[in-house]
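Raw model-v2.pdb, PDB, C-alpha atoms:
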MODEL        1
ATOM      1  CA  MET A  19      31.677 138.258  94.558
ATOM      2  CA  THR A  20      31.282 140.335  91.424
ATOM      3  CA  ARG A  21      30.086 143.925  91.617
ATOM      4  CA  ARG A  22      26.835 142.963  89.856
ATOM      5  CA  ASN A  23      26.193 140.095  92.288
ATOM      6  CA  PHE A  24      27.034 142.352  95.215
ATOM      7  CA  ILE A  25      24.454 144.912  94.078
ATOM      8  CA  ARG A  26      21.857 142.170  93.647
ATOM      9  CA  TYR A  27      22.703 140.749  97.081
ATOM     10  CA  SER A  28      22.509 144.167  98.738
ATOM     11  CA  ALA A  29      19.164 144.937  97.127
ATOM     12  CA  ALA A  30      17.770 141.568  98.164
ATOM     13  CA  ALA A  31      19.038 142.010 101.722
ATOM     14  CA  SER A  32      17.524 145.474 101.938
ATOM     15  CA  ALA A  33      14.192 144.193 100.662
ATOM     16  CA  ALA A  34      14.305 141.270 103.074
ATOM     17  CA  GLY A  35      15.079 143.627 105.937
ATOM     18  CA  ALA A  36      12.135 145.859 105.056
ATOM     19  CA  MET A  37       9.894 142.803 104.781
ATOM     20  CA  ASN A  38      11.075 141.497 108.156
ATOM     21  CA  ARG A  39      10.424 144.862 109.791
ATOM     22  CA  SER A  40       6.946 144.934 108.248
ATOM     23  CA  LEU A  41       6.229 141.375 109.438
ATOM     24  CA  MET A  42       7.475 142.228 112.914
ATOM     25  CA  ALA A  43       5.179 145.267 113.030
ATOM     26  CA  GLU A  44       2.246 143.168 111.794
ATOM     27  CA  SER A  45       2.897 140.588 114.536
ATOM     28  CA  LEU A  46       3.146 143.107 117.381
ATOM     29  CA  PRO A  47       0.263 143.074 119.846
ATOM     30  CA  ARG A  48      -1.769 146.216 119.278
ATOM     31  CA  HIS A  49      -2.211 148.827 121.954
ATOM     32  CA  LYS A  50      -5.509 150.589 122.554
ATOM     33  CA  MET A  51      -3.704 153.924 122.820
ATOM     34  CA  GLY A  52      -2.453 156.042 119.923
ATOM     35  CA  ILE A  53       0.338 158.605 119.746
ATOM     36  CA  ALA A  54       0.150 162.355 119.202
ATOM     37  CA  THR A  55       2.830 163.728 116.893
ATOM     38  CA  THR A  56       3.793 166.135 119.676
ATOM     39  CA  SER A  57       5.431 163.141 121.371
ATOM     40  CA  TYR A  58       8.146 163.687 118.754
ATOM     41  CA  MET A  59       8.379 167.471 118.818
ATOM     42  CA  GLY A  60      11.695 167.427 120.660
ATOM     43  CA  VAL A  61      14.198 165.419 118.626
ATOM     44  CA  TRP A  62      12.786 163.329 115.765
ATOM     45  CA  ARG A  63      10.514 165.113 113.292
ATOM     46  CA  PRO A  64       8.584 162.996 110.756
ATOM     47  CA  LYS A  65       8.767 164.333 107.213
ATOM     48  CA  ASP A  66       5.040 163.784 106.638
ATOM     49  CA  THR A  67       1.966 162.140 108.125
ATOM     50  CA  TYR A  68       2.597 158.838 106.380
ATOM     51  CA  GLU A  69       6.054 158.486 107.937
ATOM     52  CA  PHE A  70       4.543 159.209 111.354
ATOM     53  CA  LEU A  71       1.812 156.630 110.748
ATOM     54  CA  GLU A  72       4.441 154.029 109.845
ATOM     55  CA  ARG A  73       6.472 154.788 112.966
ATOM     56  CA  CYS A  74       3.434 154.514 115.227
ATOM     57  CA  HIS A  75       2.341 151.270 113.562
ATOM     58  CA  SER A  76       5.807 149.814 114.117
ATOM     59  CA  LEU A  77       5.328 150.509 117.844
ATOM     60  CA  GLY A  78       1.919 148.840 117.929
ATOM     61  CA  ALA A  79      -0.024 152.075 118.498
ATOM     62  CA  ALA A  80      -3.784 152.151 117.937
ATOM     63  CA  GLY A  81      -3.732 155.366 115.933
ATOM     64  CA  ILE A  82      -2.253 158.810 115.434
ATOM     65  CA  GLN A  83      -3.062 162.430 116.148
ATOM     66  CA  ALA A  84      -1.197 164.600 113.660
ATOM     67  CA  ALA A  85      -1.364 167.413 111.140
ATOM     68  CA  ILE A  86      -2.384 165.973 107.778
ATOM     69  CA  HIS A  87       0.089 166.537 104.972
ATOM     70  CA  GLY A  88       1.426 164.289 102.260
ATOM     71  CA  ASP A  89      -0.387 161.716 100.134
ATOM     72  CA  ILE A  90      -3.816 161.708 101.802
ATOM     73  CA  PRO A  91      -5.343 158.713  99.944
ATOM     74  CA  LYS A  92      -2.206 156.692 100.744
ATOM     75  CA  ILE A  93      -2.388 157.661 104.429
ATOM     76  CA  ARG A  94      -6.051 156.674 104.640
ATOM     77  CA  ALA A  95      -5.584 153.375 102.826
ATOM     78  CA  GLN A  96      -2.702 152.333 105.061
ATOM     79  CA  ALA A  97      -4.435 153.424 108.269
ATOM     80  CA  GLU A  98      -7.497 151.401 107.288
ATOM     81  CA  ARG A  99      -5.368 148.405 106.364
ATOM     82  CA  TRP A 100      -3.686 148.509 109.755
ATOM     83  CA  GLY A 101      -6.910 149.281 111.622
ATOM     84  CA  MET A 102      -5.523 152.547 113.041
ATOM     85  CA  TYR A 103      -7.554 155.638 113.866
ATOM     86  CA  VAL A 104      -6.551 159.077 112.587
ATOM     87  CA  GLU A 105      -7.185 162.348 114.419
ATOM     88  CA  ALA A 106      -6.245 165.517 112.549
ATOM     89  CA  MET A 107      -4.498 168.513 114.086
ATOM     90  CA  VAL A 108      -5.966 171.633 112.474
ATOM     91  CA  PRO A 109      -5.586 175.431 112.779
ATOM     92  CA  MET A 110      -8.450 177.533 114.086
ATOM     93  CA  PRO A 111      -9.995 180.204 111.819
ATOM     94  CA  ARG A 112      -8.392 183.644 111.921
ATOM     95  CA  GLY A 113     -11.082 186.271 112.173
ATOM     96  CA  ASP A 114     -13.491 185.989 109.266
ATOM     97  CA  ASP A 115     -10.968 184.033 107.179
ATOM     98  CA  THR A 116     -12.094 180.419 107.351
ATOM     99  CA  ALA A 117     -10.459 179.192 104.126
ATOM    100  CA  ALA A 118      -7.501 177.385 105.727
ATOM    101  CA  PHE A 119      -9.725 175.923 108.415
ATOM    102  CA  GLU A 120     -12.243 174.619 105.890
ATOM    103  CA  GLN A 121      -9.480 173.104 103.757
ATOM    104  CA  SER A 122      -8.159 171.316 106.829
ATOM    105  CA  LEU A 123     -11.646 169.905 107.418
ATOM    106  CA  LYS A 124     -11.792 168.673 103.832
ATOM    107  CA  ASP A 125      -8.380 167.015 104.260
ATOM    108  CA  ALA A 126      -9.496 165.488 107.551
ATOM    109  CA  GLN A 127     -12.652 164.139 105.966
ATOM    110  CA  GLN A 128     -10.677 162.728 103.031
ATOM    111  CA  VAL A 129      -8.194 160.976 105.322
ATOM    112  CA  GLY A 130     -11.023 159.466 107.372
ATOM    113  CA  ALA A 131     -10.280 161.374 110.575
ATOM    114  CA  VAL A 132     -12.538 160.485 113.489
ATOM    115  CA  ALA A 133     -11.835 163.743 115.343
ATOM    116  CA  LEU A 134      -9.921 167.010 115.179
ATOM    117  CA  ARG A 135      -7.594 168.683 117.641
ATOM    118  CA  SER A 136      -6.963 172.411 117.748
ATOM    119  CA  ALA A 137      -6.069 175.181 120.184
ATOM    120  CA  CYS A 138      -6.764 178.879 120.516
ATOM    121  CA  LEU A 139      -3.181 179.593 121.595
ATOM    122  CA  GLY A 140      -0.042 177.782 120.549
ATOM    123  CA  THR A 141       2.060 179.290 123.332
ATOM    124  CA  ARG A 142       1.659 179.758 127.105
ATOM    125  CA  ARG A 143      -0.617 182.430 128.495
ATOM    126  CA  TYR A 144       1.748 183.674 131.188
ATOM    127  CA  GLU A 145       4.658 183.978 128.738
ATOM    128  CA  THR A 146       2.722 185.542 125.857
ATOM    129  CA  PHE A 147       0.514 188.287 127.304
ATOM    130  CA  HIS A 148       2.011 191.146 129.281
ATOM    131  CA  SER A 149      -1.154 193.114 129.952
ATOM    132  CA  LEU A 150      -4.738 192.321 130.848
ATOM    133  CA  ASP A 151      -5.945 194.205 127.766
ATOM    134  CA  ALA A 152      -3.833 191.977 125.502
ATOM    135  CA  TRP A 153      -5.305 188.874 127.112
ATOM    136  CA  ARG A 154      -8.855 190.203 126.802
ATOM    137  CA  GLN A 155      -8.271 190.937 123.121
ATOM    138  CA  HIS A 156      -7.131 187.334 122.670
ATOM    139  CA  VAL A 157     -10.265 186.112 124.449
ATOM    140  CA  ALA A 158     -12.486 188.151 122.104
ATOM    141  CA  GLU A 159     -10.606 186.874 119.047
ATOM    142  CA  SER A 160     -10.904 183.308 120.302
ATOM    143  CA  GLU A 161     -14.651 183.673 120.812
ATOM    144  CA  ASN A 162     -14.954 184.875 117.213
ATOM    145  CA  SER A 163     -12.736 182.053 115.983
ATOM    146  CA  VAL A 164     -14.812 179.382 117.703
ATOM    147  CA  ALA A 165     -18.048 180.990 116.478
ATOM    148  CA  ALA A 166     -16.707 180.856 112.908
ATOM    149  CA  ALA A 167     -15.586 177.237 113.296
ATOM    150  CA  VAL A 168     -18.809 175.716 114.616
ATOM    151  CA  PRO A 169     -20.941 176.027 111.430
ATOM    152  CA  LEU A 170     -18.176 174.376 109.406
ATOM    153  CA  LEU A 171     -17.790 171.586 111.953
ATOM    154  CA  GLU A 172     -21.507 170.966 111.684
ATOM    155  CA  LYS A 173     -21.292 171.043 107.885
ATOM    156  CA  TYR A 174     -18.495 168.452 107.725
ATOM    157  CA  LYS A 175     -19.726 166.567 110.805
ATOM    158  CA  ILE A 176     -16.310 166.009 112.386
ATOM    159  CA  PRO A 177     -15.964 166.714 116.130
ATOM    160  CA  LEU A 178     -13.237 169.122 117.187
ATOM    161  CA  GLY A 179     -11.503 169.144 120.542
ATOM    162  CA  LEU A 180     -10.049 172.438 121.796
ATOM    163  CA  GLU A 181      -6.989 171.731 123.886
ATOM    164  CA  ASN A 182      -6.451 173.238 127.316
ATOM    165  CA  HIS A 183      -3.044 174.425 126.122
ATOM    166  CA  LYS A 184      -1.776 176.428 129.098
ATOM    167  CA  ASP A 185      -4.159 179.158 127.995
ATOM    168  CA  TRP A 186      -7.656 178.583 129.429
ATOM    169  CA  THR A 187      -8.220 177.734 133.061
ATOM    170  CA  ASP A 188     -10.530 174.758 133.459
ATOM    171  CA  ASP A 189     -13.538 176.978 134.235
ATOM    172  CA  GLU A 190     -12.773 179.341 131.336
ATOM    173  CA  LEU A 191     -12.645 176.496 128.825
ATOM    174  CA  VAL A 192     -15.864 174.947 130.131
ATOM    175  CA  ALA A 193     -17.564 178.342 129.769
ATOM    176  CA  LEU A 194     -16.229 178.753 126.216
ATOM    177  CA  LEU A 195     -17.523 175.331 125.177
ATOM    178  CA  ARG A 196     -20.918 175.929 126.738
ATOM    179  CA  ASN A 197     -21.171 179.341 125.108
ATOM    180  CA  HIS A 198     -20.717 177.752 121.672
ATOM    181  CA  SER A 199     -22.578 174.543 122.398
ATOM    182  CA  SER A 200     -22.492 172.026 119.547
ATOM    183  CA  GLU A 201     -22.304 168.255 119.327
ATOM    184  CA  TYR A 202     -19.221 168.810 117.149
ATOM    185  CA  LEU A 203     -17.321 171.022 119.617
ATOM    186  CA  GLY A 204     -15.590 169.709 122.712
ATOM    187  CA  SER A 205     -12.218 169.456 124.388
ATOM    188  CA  CYS A 206      -8.919 167.835 123.591
ATOM    189  CA  LEU A 207      -8.366 166.972 127.219
ATOM    190  CA  ASP A 208      -4.704 167.361 128.094
ATOM    191  CA  PHE A 209      -4.135 165.560 131.380
ATOM    192  CA  GLY A 210      -1.218 167.671 132.557
ATOM    193  CA  ASN A 211      -1.186 171.246 131.280
ATOM    194  CA  ASN A 212      -3.348 173.161 133.702
ATOM    195  CA  ILE A 213      -1.280 172.969 136.839
ATOM    196  CA  ALA A 214       0.746 175.669 135.026
ATOM    197  CA  LEU A 215      -2.332 177.898 135.516
ATOM    198  CA  LEU A 216      -2.675 176.819 139.162
ATOM    199  CA  ASP A 217      -5.685 174.559 138.583
ATOM    200  CA  ARG A 218      -5.956 171.380 140.644
ATOM    201  CA  PRO A 219      -4.815 168.514 138.385
ATOM    202  CA  MET A 220      -7.776 166.209 138.962
ATOM    203  CA  ASP A 221     -10.309 169.071 138.871
ATOM    204  CA  VAL A 222      -9.290 169.718 135.261
ATOM    205  CA  ILE A 223      -9.995 166.140 134.246
ATOM    206  CA  GLU A 224     -13.293 165.989 136.131
ATOM    207  CA  LYS A 225     -14.517 169.229 134.536
ATOM    208  CA  LEU A 226     -13.361 168.564 130.972
ATOM    209  CA  ALA A 227     -13.975 164.803 130.681
ATOM    210  CA  PRO A 228     -17.675 165.340 129.816
ATOM    211  CA  PHE A 229     -16.522 167.406 126.805
ATOM    212  CA  ALA A 230     -13.664 165.156 125.677
ATOM    213  CA  VAL A 231     -13.530 164.617 121.920
ATOM    214  CA  CYS A 232      -9.902 163.489 122.032
ATOM    215  CA  THR A 233      -7.083 163.464 124.596
ATOM    216  CA  HIS A 234      -3.432 163.991 125.351
ATOM    217  CA  LEU A 235      -2.665 161.299 127.888
ATOM    218  CA  LYS A 236       0.458 162.059 129.888
ATOM    219  CA  ASN A 237       1.872 162.171 133.380
ATOM    220  CA  MET A 238       3.653 165.091 134.996
ATOM    221  CA  ALA A 239       6.260 165.777 137.643
ATOM    222  CA  VAL A 240       7.163 168.961 139.507
ATOM    223  CA  GLU A 241       9.850 170.472 141.681
ATOM    224  CA  PRO A 242      10.250 173.940 143.228
ATOM    225  CA  TYR A 243      12.504 176.643 141.825
ATOM    226  CA  ASP A 244      13.131 180.229 142.973
ATOM    227  CA  ASP A 245      10.332 181.881 140.941
ATOM    228  CA  GLY A 246       7.745 179.124 141.235
ATOM    229  CA  PHE A 247       8.042 175.544 140.090
ATOM    230  CA  LEU A 248       9.373 173.391 137.271
ATOM    231  CA  LEU A 249       7.030 171.165 135.283
ATOM    232  CA  SER A 250       7.915 168.144 133.130
ATOM    233  CA  GLU A 251       6.210 165.428 131.150
ATOM    234  CA  VAL A 252       7.554 162.146 132.518
ATOM    235  CA  LEU A 253       7.027 158.436 132.022
ATOM    236  CA  LEU A 254       3.460 157.426 132.816
ATOM    237  CA  SER A 255       4.815 155.406 135.727
ATOM    238  CA  ASP A 256       6.671 158.326 137.317
ATOM    239  CA  GLY A 257       4.273 161.262 137.710
ATOM    240  CA  TYR A 258       1.808 162.500 140.308
ATOM    241  CA  LEU A 259      -1.424 161.960 138.350
ATOM    242  CA  ASP A 260      -3.881 159.195 139.210
ATOM    243  CA  LEU A 261      -4.053 157.954 135.636
ATOM    244  CA  GLN A 262      -6.398 155.067 136.377
ATOM    245  CA  LYS A 263      -8.974 157.492 137.757
ATOM    246  CA  ALA A 264      -8.415 159.954 134.909
ATOM    247  CA  VAL A 265      -8.853 157.304 132.220
ATOM    248  CA  ALA A 266     -11.944 155.951 133.977
ATOM    249  CA  LEU A 267     -13.524 159.417 134.026
ATOM    250  CA  VAL A 268     -13.036 159.884 130.286
ATOM    251  CA  ARG A 269     -14.381 156.404 129.574
ATOM    252  CA  GLN A 270     -17.388 157.060 131.778
ATOM    253  CA  HIS A 271     -18.321 160.331 130.094
ATOM    254  CA  ARG A 272     -17.036 159.854 126.542
ATOM    255  CA  PRO A 273     -16.544 156.150 125.795
ATOM    256  CA  LYS A 274     -15.822 156.805 122.104
ATOM    257  CA  ALA A 275     -12.929 159.207 122.765
ATOM    258  CA  HIS A 276      -9.496 157.850 121.871
ATOM    259  CA  PHE A 277      -6.486 158.150 124.151
ATOM    260  CA  SER A 278      -3.397 159.563 122.425
ATOM    261  CA  LEU A 279      -0.060 159.631 124.199
ATOM    262  CA  GLU A 280       1.720 162.979 124.435
ATOM    263  CA  MET A 281       5.095 162.154 125.935
ATOM    264  CA  ILE A 282       7.190 165.257 125.211
ATOM    265  CA  THR A 283      10.877 164.619 125.853
ATOM    266  CA  ARG A 284      12.366 167.989 126.800
ATOM    267  CA  ASP A 285      13.867 170.022 129.617
ATOM    268  CA  PRO A 286      11.528 171.176 132.419
ATOM    269  CA  LEU A 287       9.286 174.174 131.804
ATOM    270  CA  LYS A 288       9.447 177.103 134.204
ATOM    271  CA  VAL A 289       6.169 178.220 135.750
ATOM    272  CA  PRO A 290       7.122 181.577 137.352
ATOM    273  CA  CYS A 291       4.050 181.931 139.537
ATOM    274  CA  LEU A 292       5.971 183.965 142.132
ATOM    275  CA  ASP A 293       6.688 186.739 139.601
ATOM    276  CA  ASP A 294       4.285 189.686 139.530
ATOM    277  CA  GLU A 295       4.044 189.536 135.726
ATOM    278  CA  TYR A 296       2.678 185.997 135.848
ATOM    279  CA  TRP A 297      -0.520 187.318 137.476
ATOM    280  CA  VAL A 298      -1.293 190.052 134.930
ATOM    281  CA  THR A 299      -3.889 187.959 133.058
ATOM    282  CA  PHE A 300      -5.488 186.377 136.136
ATOM    283  CA  PRO A 301      -7.569 189.158 137.740
ATOM    284  CA  GLY A 302      -9.996 186.648 139.216
ATOM    285  CA  ARG A 303      -7.400 184.517 140.970
ATOM    286  CA  ASN A 304      -6.001 185.119 144.435
ATOM    287  CA  GLY A 305      -3.436 183.780 146.852
ATOM    288  CA  ILE A 306      -5.480 180.666 147.566
ATOM    289  CA  TYR A 307      -4.576 179.323 144.115
ATOM    290  CA  LEU A 308      -0.899 180.081 144.664
ATOM    291  CA  ALA A 309      -0.734 178.633 148.179
ATOM    292  CA  ARG A 310      -2.647 175.517 147.165
ATOM    293  CA  THR A 311      -0.394 174.881 144.162
ATOM    294  CA  LEU A 312       2.874 175.488 145.964
ATOM    295  CA  LYS A 313       1.738 173.135 148.707
ATOM    296  CA  PHE A 314       0.935 170.529 146.052
ATOM    297  CA  VAL A 315       4.385 171.002 144.478
ATOM    298  CA  LYS A 316       6.064 170.562 147.852
ATOM    299  CA  GLU A 317       4.071 167.434 148.654
ATOM    300  CA  HIS A 318       4.526 165.912 145.199
ATOM    301  CA  LYS A 319       8.108 166.915 144.462
ATOM    302  CA  SER A 320       9.544 164.360 142.066
ATOM    303  CA  ALA A 321      11.602 161.650 143.711
ATOM    304  CA  LYS A 322      13.701 161.534 140.532
ATOM    305  CA  PRO A 323      15.520 164.459 138.915
ATOM    306  CA  LEU A 324      13.336 166.019 136.246
ATOM    307  CA  PRO A 325      14.438 164.983 132.734
ATOM    308  CA  ARG A 326      16.951 167.166 130.931
ATOM    309  CA  VAL A 327      17.893 166.238 127.385
ATOM    310  CA  SER A 328      19.087 169.439 125.673
ATOM    311  CA  GLN A 329      22.699 168.669 126.575
ATOM    312  CA  LEU A 330      22.618 165.140 125.112
ATOM    313  CA  PRO A 331      24.201 164.284 121.758
ATOM    314  CA  HIS A 332      21.554 164.052 119.033
ATOM    315  CA  GLU A 333      21.696 160.272 118.639
ATOM    316  CA  GLN A 334      21.403 159.709 122.380
ATOM    317  CA  ALA A 335      18.489 162.143 122.611
ATOM    318  CA  LEU A 336      16.753 160.250 119.789
ATOM    319  CA  LYS A 337      17.102 157.003 121.728
ATOM    320  CA  VAL A 338      15.774 158.556 124.928
ATOM    321  CA  GLU A 339      12.774 160.039 123.129
ATOM    322  CA  GLU A 340      11.895 156.744 121.455
ATOM    323  CA  GLN A 341      12.358 154.727 124.634
ATOM    324  CA  ASN A 342      10.113 157.116 126.532
ATOM    325  CA  VAL A 343       7.296 156.492 124.045
ATOM    326  CA  VAL A 344       7.836 152.725 124.124
ATOM    327  CA  ASP A 345       7.861 152.639 127.945
ATOM    328  CA  CYS A 346       4.666 154.708 128.128
ATOM    329  CA  LEU A 347       2.874 152.428 125.665
ATOM    330  CA  GLN A 348       3.876 149.402 127.708
ATOM    331  CA  TYR A 349       2.741 151.004 130.971
ATOM    332  CA  ALA A 350      -0.595 151.982 129.463
ATOM    333  CA  ARG A 351      -1.191 148.410 128.300
ATOM    334  CA  GLU A 352      -0.234 146.854 131.630
ATOM    335  CA  HIS A 353      -1.842 149.328 134.036
ATOM    336  CA  LEU A 354      -4.521 151.320 132.176
ATOM    337  CA  ASP A 355      -6.024 148.692 129.862
ATOM    338  CA  LEU A 356      -4.784 150.712 126.915
TER     339      LEU A 356
ENDMDL
END
Structure rendered as structure tokens:
Amino acid sequence: MTRRNFIRYSAAASAAGAMNRSLMAESLPRHKMGIATTSYMGVWRPKDTYEFLERCHSLGAAGIQAAIHGDIPKIRAQAERWGMYVEAMVPMPRGDDTAAFEQSLKDAQQVGAVALRSACLGTRRYETFHSLDAWRQHVAESENSVAAAVPLLEKYKIPLGLENHKDWTDDELVALLRNHSSEYLGSCLDFGNNIALLDRPMDVIEKLAPFAVCTHLKNMAVEPYDDGFLLSEVLLSDGYLDLQKAVALVRQHRPKAHFSLEMITRDPLKVPCLDDEYWVTFPGRNGIYLARTLKFVKEHKSAKPLPRVSQLPHEQALKVEEQNVVDCLQYAREHLDL
């Protein structure tokens, strides 16, 4: 084979391979559940929103929840062609500066986003704040941030879900949403986060489902450790949550809300609820919360070792992460009508 023919053959084979992959993706049965980009925060990182959309389409996902960056008209056109929903992850306003927030709303509107996801804190309350005054300052800043966001949400008419991101207890988030009541403000209901704040897992879903604009569907597993307990996202089939009941509650209260998978492949998180410092920002909580949660952890200790991937070679970790997403999509289809 001549060099010229080899180049032609290689190009044709590459094109055929791309076409076959596209045809395979087109022929896949579609799920009713989408994927949040945080499902790939551990190992694989998409270069832009379009690459993430392509990956999720190849898996048969119903849509994506992601930060919007890249060629926005191209993202919208392809999502519409594939019949996939888009939810945009956006930053909250900082003080009186709403410029970045408003630009994110414009981008979300341009891409055809059906909802927004944001959070008042990107970290964990018990790891971030080391005094009650610091926490109270954050609460005041968050109140101002939400107050600044609501008029813009109403202007652009896109609903925003605030995630319970290991920051607000279930009652605190409900109070925040009621205090800034708007048809365009609600919750991004994360199914698993709030046990880290010693809330009852199903209480969180029952209280926040009526506010659900969007979701992070996941399952969780726990096991004790010396300073409290370890917490991990696990396969939907392996955790302690009653996912059928949780999904039914969201559907009952907010039938238009999409379910987006957040399967984070990572080592277990430490919840040091037996350390004095953990309690600094919880003046209204007492030993009942601790006793109740530790009893729950003991009764629901994972039958399998909690996942640990940081020691794996990169290629193996990539495979584990991808397989976790695939397995969760399959479980959701077969057991949750998603």
**Asked** At what distance in Å, to one decimal, does CA of Asp256 in chain A lie from CA of Met281 in chain A?
**Response** 12.1 Å
**Prompt:** With all atoms listed in the file as the atoms that count, which of A:Thr283, A:Ser149, A:Ser163, A:Thr67 lies nearest to Pro109 in chain A?
**Reply:**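 Of A:Thr283, A:Ser149, A:Ser163, A:Thr67, the one nearest Pro109 in chain A is A:Ser163, counting all atoms listed in the file.
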**Request:** Work out how far apart CA of Val343 in chain A and CA of Gln329 in chain A are and give it in Å to one decimal.
**Result:** 19.8 Å
**Message:** Which residues, named as in the file, does the PyMOL selection byres ((chain A and resi 266) around 12) pick out? Answer as a list in words.
**Reply:** Ile223, Glu224, Ala227, Pro228, Asp260, Leu261, Gln262, Lys263, Ala264, Val265, Leu267, Val268, Arg269, Gln270, His271, Arg272, Pro273, Ala275, Phe277, Leu354, Asp355 and Leu356 of chain A
**Long-range neighbours of range 73-86 of chain A as a ChimeraX atom specification, 8 Å cut-off, all atoms listed in the file, 5 positions minimum in chain** = /A:40,42-44,46-56,66-67,97,100-108,122,125-126,135,278,344,347
**Prompt:** So what does the PyMOL selection byres ((chain A and resi 245) around 10) actually pick up in this one, as a PyMOL selection string?
**Reply:** chain A and resi 242-244+246-248+288-294
**Request:** Have a look at A:Val222, A:Ala321, A:Cys206, A:Leu279 and name the one nearest to Ala133 in chain A; count only C-alpha atoms.
**Result:** A:Cys206
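Pairwise distance (CA of Val252 in chain A, CA of Tyr144 in chain A) equals 22.3 Å.
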With the input short on atoms, add N, CA and C atoms back to range 326-342 of chain A and write it as an mmCIF file, in the coordinates of the input.
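Final output, rebuild14.cif:
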data_model
loop_
_atom_site.group_PDB
_atom_site.id
_atom_site.type_symbol
_atom_site.label_atom_id
_atom_site.label_comp_id
_atom_site.auth_asym_id
_atom_site.auth_seq_id
_atom_site.Cartn_x
_atom_site.Cartn_y
_atom_site.Cartn_z
ATOM 1 N N ARG A 326 16.272 166.104 131.664
ATOM 2 C CA ARG A 326 16.951 167.166 130.931
ATOM 3 C C ARG A 326 17.700 166.527 129.780
ATOM 4 N N VAL A 327 17.341 166.918 128.564
ATOM 5 C CA VAL A 327 17.893 166.238 127.385
ATOM 6 C C VAL A 327 18.614 167.184 126.431
ATOM 7 N N SER A 328 18.515 168.491 126.641
ATOM 8 C CA SER A 328 19.087 169.439 125.673
ATOM 9 C C SER A 328 20.603 169.311 125.561
ATOM 10 N N GLN A 329 21.247 168.784 126.603
ATOM 11 C CA GLN A 329 22.699 168.669 126.575
ATOM 12 C C GLN A 329 23.162 167.355 125.959
ATOM 13 N N LEU A 330 22.233 166.445 125.634
ATOM 14 C CA LEU A 330 22.618 165.140 125.112
ATOM 15 C C LEU A 330 23.007 165.222 123.643
ATOM 16 N N PRO A 331 23.942 164.395 123.200
ATOM 17 C CA PRO A 331 24.201 164.284 121.758
ATOM 18 C C PRO A 331 22.918 163.863 121.035
ATOM 19 N N HIS A 332 22.804 164.264 119.772
ATOM 20 C CA HIS A 332 21.554 164.052 119.033
ATOM 21 C C HIS A 332 21.137 162.585 119.019
ATOM 22 N N GLU A 333 22.050 161.691 118.735
ATOM 23 C CA GLU A 333 21.696 160.272 118.639
ATOM 24 C C GLU A 333 21.216 159.730 119.977
ATOM 25 N N GLN A 334 21.838 160.164 121.062
ATOM 26 C CA GLN A 334 21.403 159.709 122.380
ATOM 27 C C GLN A 334 20.026 160.274 122.721
ATOM 28 N N ALA A 335 19.799 161.536 122.363
ATOM 29 C CA ALA A 335 18.489 162.143 122.611
ATOM 30 C C ALA A 335 17.395 161.416 121.834
ATOM 31 N N LEU A 336 17.711 161.019 120.581
ATOM 32 C CA LEU A 336 16.753 160.250 119.789
ATOM 33 C C LEU A 336 16.368 158.957 120.497
ATOM 34 N N LYS A 337 17.360 158.267 121.048
ATOM 35 C CA LYS A 337 17.102 157.003 121.728
ATOM 36 C C LYS A 337 16.254 157.214 122.977
ATOM 37 N N VAL A 338 16.543 158.270 123.716
ATOM 38 C CA VAL A 338 15.774 158.556 124.928
ATOM 39 C C VAL A 338 14.323 158.858 124.570
ATOM 40 N N GLU A 339 14.125 159.679 123.550
ATOM 41 C CA GLU A 339 12.774 160.039 123.129
ATOM 42 C C GLU A 339 11.977 158.800 122.724
ATOM 43 N N GLU A 340 12.595 157.944 121.913
ATOM 44 C CA GLU A 340 11.895 156.744 121.455
ATOM 45 C C GLU A 340 11.605 155.797 122.615
ATOM 46 N N GLN A 341 12.572 155.638 123.508
ATOM 47 C CA GLN A 341 12.358 154.727 124.634
ATOM 48 C C GLN A 341 11.265 155.240 125.556
ATOM 49 N N ASN A 342 11.177 156.553 125.707
ATOM 50 C CA ASN A 342 10.113 157.116 126.532
ATOM 51 C C ASN A 342 8.741 156.748 125.978
#
